[in-house]
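Peer 1: Following this message is one structure expressed as structure tokens.
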Amino acid sequence: MRTILIMGPGGSGRTTLAAATALTSAREGSRTLVLSADRTDTLGAALGVGTGPTPVEAAPRLTAWRPDPARDFRKDLAALQDRASSALDLLGASRLDPEELTPLPGAEELALLRALRDAALAERHDLLVVDLPPLPQALALLALPEELRRYLRRLLPPERQAARALRPVLGRLAGVPMPAEWLYDTAARWDLELAAVEAVVADRDTVVRLVAEPGPAGADALRTVGPGLALRGLRTEAVVANRVLPEASPDTWLAGPVAQQRKTLEEWRESYPVRTVAHLGRDPRGADDLTALEAPGVDRDTPLAPVEWPVTDRLGEDGVLVWHIPLPGAIRDELDLVRRGDELVVTVGRFRRIVPLPSALRRCTVDGAGLREGELRIRFAPDPKLWPRTR
């Protein structure tokens, strides 16, 4: 199954283009599911069919689904209270009723991630179209599974779980209570669920389709988000320029906006495959309007090249190993690197990612780094104390 993540700045027509892309794919014969996390039914308004927590058939071979974060939040918290019942009783805490629970901030994002995971594991569709929140919240959402898994590993290291059988004895010897069994079970289950979502995002058949209106605001948004996408290893399949005005128009007042759009499109074509969607002169509503947009379809048969961060061996020539991290659009002054143990903290503008070092580089020290031709090249010199010696 191929997954297309629809991303774009607020007000760019992102949700409408997600609906149009899904409808085009379904009419081309692909079983398609379109997901959205909007609280208001913008997706349903575009499709002309109400959407909600129960998937609905919006057209032949097209299913639309808008998960309910409140229902998922109540279900998760009720399950957590059941597992922690003994601890709650010991503390004298009273349980919360499902009716009095309201979702906390971030519940919409978690509900969308869960729906993304469930849809991928079900394998009922050929294409999954995901309408993500506006930039840059979308990138923060996609980074969430990896970051939460890292937090769990730091707070509850897996190696500690091997001592479960000794926990009662250790508790008596230390004189302090040891973490309860349900805590480790819950952490293990969360880690498994987060790993499934992370696998979908990192899958070689998952790509990003950026939606923006050609102009200064859209150009700034794409320029900012480009390094963030690369830092996450996400591939941009295409940029969809939305609401493109006609070149030949009798209205002279359109000459300025048309020239502005033309200039932006030329800049985008230097870095991305660009598809244009014409301005209908109205807000698209219903299948007929979505068809009139002529949204680009999806080529599911062409294999996609994976994003690679290779390590090249230059020990013979320069005495170093070089780690290549593609960061197109990154600016040297906004780039920062910090080595922390077996991890590297990479910051590009407002985006940051903590990545584990490849095994060979963990036995090296950082010898320098440089940004050339949109690629970060980090040099590592073998540490004599850790590097295997040769005779």
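So you can find residues: chains in the structure tokens are A, B, ... in the order shown, residues in each start at 1, and ligands are numbered from 1 in order.
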Neighbouring residues of range 313-326 of chain A were defined as those with any atom within 8 Å, considering only C-alpha atoms; residues of the same chain fewer than 6 positions away were excluded. Please report them as an NGL selection string.

Peer 2: :A and (230-231 or 361 or 367 or 374-382)

Peer 1: Would you save the residues of that selection, restricted to all heavy atoms, as a tab-separated table (two decimals), in the first residue's frame?

Peer 2:
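Output contents, as saved in selection.tsv:
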```
chain	number	residue	atom	x	y	z
A	230	ALA	N	13.61	16.68	5.05
A	230	ALA	CA	14.83	15.91	4.80
A	230	ALA	C	15.40	15.35	6.10
A	230	ALA	O	15.89	14.22	6.13
A	230	ALA	CB	15.86	16.79	4.09
A	231	LEU	N	15.35	16.13	7.17
A	231	LEU	CA	15.88	15.69	8.45
A	231	LEU	C	15.13	14.46	8.96
A	231	LEU	O	15.70	13.60	9.63
A	231	LEU	CB	15.80	16.82	9.47
A	231	LEU	CG	16.45	16.60	10.83
A	231	LEU	CD1	17.93	16.32	10.68
A	231	LEU	CD2	16.22	17.79	11.74
A	361	LEU	N	30.40	4.24	13.63
A	361	LEU	CA	30.73	5.60	14.05
A	361	LEU	C	30.72	5.75	15.57
A	361	LEU	O	31.22	6.76	16.08
A	361	LEU	CB	29.75	6.59	13.42
A	361	LEU	CG	29.68	6.59	11.89
A	361	LEU	CD1	28.76	7.69	11.40
A	361	LEU	CD2	31.07	6.74	11.28
A	367	ASP	N	35.36	14.57	13.78
A	367	ASP	CA	36.55	15.26	13.29
A	367	ASP	C	36.21	16.56	12.55
A	367	ASP	O	37.10	17.31	12.19
A	367	ASP	CB	37.34	14.33	12.37
A	367	ASP	CG	38.70	14.89	11.99
A	367	ASP	OD1	39.50	15.19	12.90
A	367	ASP	OD2	38.94	15.06	10.78
A	374	GLY	N	23.76	21.05	-0.48
A	374	GLY	CA	22.56	20.52	0.17
A	374	GLY	C	22.78	19.22	0.91
A	374	GLY	O	21.80	18.50	1.20
A	375	GLU	N	24.01	18.91	1.27
A	375	GLU	CA	24.31	17.66	1.98
A	375	GLU	C	25.24	17.95	3.15
A	375	GLU	O	26.27	18.61	2.99
A	375	GLU	CB	24.95	16.65	1.04
A	375	GLU	CG	25.21	15.30	1.68
A	375	GLU	CD	25.85	14.32	0.72
A	375	GLU	OE1	27.04	14.52	0.38
A	375	GLU	OE2	25.18	13.35	0.32
A	376	LEU	N	24.86	17.46	4.32
A	376	LEU	CA	25.69	17.58	5.50
A	376	LEU	C	26.65	16.39	5.54
A	376	LEU	O	26.22	15.24	5.51
A	376	LEU	CB	24.83	17.60	6.78
A	376	LEU	CG	25.57	17.60	8.10
A	376	LEU	CD1	26.44	18.84	8.26
A	376	LEU	CD2	24.58	17.48	9.26
A	377	ARG	N	27.93	16.69	5.60
A	377	ARG	CA	28.96	15.64	5.62
A	377	ARG	C	29.73	15.75	6.93
A	377	ARG	O	30.44	16.74	7.16
A	377	ARG	CB	29.89	15.78	4.42
A	377	ARG	CG	29.14	15.72	3.08
A	377	ARG	CD	30.03	16.06	1.91
A	377	ARG	NE	29.25	16.19	0.68
A	377	ARG	CZ	29.75	16.55	-0.49
A	377	ARG	NH1	31.05	16.84	-0.59
A	377	ARG	NH2	28.97	16.64	-1.55
A	378	ILE	N	29.59	14.72	7.75
A	378	ILE	CA	30.22	14.71	9.07
A	378	ILE	C	31.37	13.72	9.05
A	378	ILE	O	31.19	12.55	8.70
A	378	ILE	CB	29.21	14.32	10.17
A	378	ILE	CG1	27.92	15.14	10.03
A	378	ILE	CG2	29.80	14.52	11.56
A	378	ILE	CD1	26.81	14.70	10.95
A	379	ARG	N	32.54	14.17	9.43
A	379	ARG	CA	33.74	13.33	9.42
A	379	ARG	C	33.97	12.73	10.81
A	379	ARG	O	33.90	13.44	11.83
A	379	ARG	CB	34.96	14.15	8.99
A	379	ARG	CG	34.83	14.75	7.60
A	379	ARG	CD	36.11	15.47	7.18
A	379	ARG	NE	36.44	16.54	8.11
A	379	ARG	CZ	35.94	17.77	8.03
A	379	ARG	NH1	35.04	18.06	7.09
A	379	ARG	NH2	36.30	18.69	8.89
A	380	PHE	N	34.24	11.45	10.84
A	380	PHE	CA	34.51	10.73	12.09
A	380	PHE	C	35.88	10.07	12.00
A	380	PHE	O	36.16	9.37	11.02
A	380	PHE	CB	33.45	9.66	12.34
A	380	PHE	CG	32.09	10.21	12.69
A	380	PHE	CD1	31.21	10.64	11.71
A	380	PHE	CD2	31.69	10.28	14.03
A	380	PHE	CE1	29.96	11.14	12.03
A	380	PHE	CE2	30.44	10.79	14.35
A	380	PHE	CZ	29.58	11.22	13.36
A	381	ALA	N	36.70	10.31	13.02
A	381	ALA	CA	38.02	9.69	13.09
A	381	ALA	C	37.98	8.54	14.10
A	381	ALA	O	37.41	8.68	15.18
A	381	ALA	CB	39.07	10.72	13.52
A	382	PRO	N	38.54	7.39	13.77
A	382	PRO	CA	38.53	6.25	14.70
A	382	PRO	C	39.19	6.61	16.03
A	382	PRO	O	40.25	7.25	16.06
A	382	PRO	CB	39.33	5.18	13.95
A	382	PRO	CG	39.21	5.54	12.50
A	382	PRO	CD	39.16	7.04	12.48
```

Peer 1: Which residues are near Gly329 in chain A? Cut-off 8 Å, only C-alpha atoms, ignore same chain within fewer than 5 positions. Put them as a list in words.

Peer 2: Arg223, Gly226, Pro227 and Gly374 of chain A

Peer 1: For the selection just defined, write its residues with C-alpha atoms to a file, as a tab-separated table (two decimals), in the first residue's frame.

Peer 2:
```
chain	number	residue	atom	x	y	z
A	223	ARG	CA	11.50	26.96	1.96
A	226	GLY	CA	12.18	21.52	3.17
A	227	PRO	CA	15.08	20.87	5.57
A	374	GLY	CA	22.56	20.52	0.17
```

Peer 1: Within 7 Å of Thr16 in chain A, counting only C-alpha atoms, which residues show up once you throw out same-chain ones fewer than 3 positions away? Write them as an MDAnalysis selection string, please.

Peer 2: chainID A and resid 13 19:20 43 46

Peer 1: With N, CA, C and O atoms kept, could you save the residues just selected as an mmCIF file, in the first residue's frame?

Peer 2:
```
data_model
loop_
_atom_site.group_PDB
_atom_site.id
_atom_site.type_symbol
_atom_site.label_atom_id
_atom_site.label_comp_id
_atom_site.auth_asym_id
_atom_site.auth_seq_id
_atom_site.Cartn_x
_atom_site.Cartn_y
_atom_site.Cartn_z
ATOM 1 N N GLY A 13 -5.666 25.167 0.978
ATOM 2 C CA GLY A 13 -6.548 24.226 0.298
ATOM 3 C C GLY A 13 -6.079 22.796 0.426
ATOM 4 O O GLY A 13 -6.414 21.934 -0.399
ATOM 5 N N ALA A 19 -8.838 15.489 -0.656
ATOM 6 C CA ALA A 19 -10.068 14.860 -1.133
ATOM 7 C C ALA A 19 -10.024 14.654 -2.642
ATOM 8 O O ALA A 19 -10.430 13.592 -3.145
ATOM 9 N N ALA A 20 -9.532 15.646 -3.380
ATOM 10 C CA ALA A 20 -9.466 15.531 -4.837
ATOM 11 C C ALA A 20 -8.478 14.446 -5.260
ATOM 12 O O ALA A 20 -8.737 13.687 -6.206
ATOM 13 N N LEU A 43 -13.281 17.966 5.317
ATOM 14 C CA LEU A 43 -13.165 16.876 4.348
ATOM 15 C C LEU A 43 -14.538 16.504 3.791
ATOM 16 O O LEU A 43 -14.702 16.346 2.572
ATOM 17 N N ALA A 46 -15.856 19.053 1.323
ATOM 18 C CA ALA A 46 -15.246 18.960 0.002
ATOM 19 C C ALA A 46 -15.797 17.779 -0.782
ATOM 20 O O ALA A 46 -16.045 17.877 -1.989
#
```

Peer 1: Between A:Asp203, A:Glu108, A:Glu343, A:Glu213, single out the one closest to Thr264 in chain A, counting only C-alpha atoms.

Peer 2: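 When distances to Thr264 in chain A are compared using only C-alpha atoms, the smallest one comes from A:Glu213.
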
Peer 1: As a count of residues only, list the residues of range 102-339 of chain A assigned to alpha helix (DSSP H) by DSSP on the backbone atoms of this structure.

Peer 2: 104
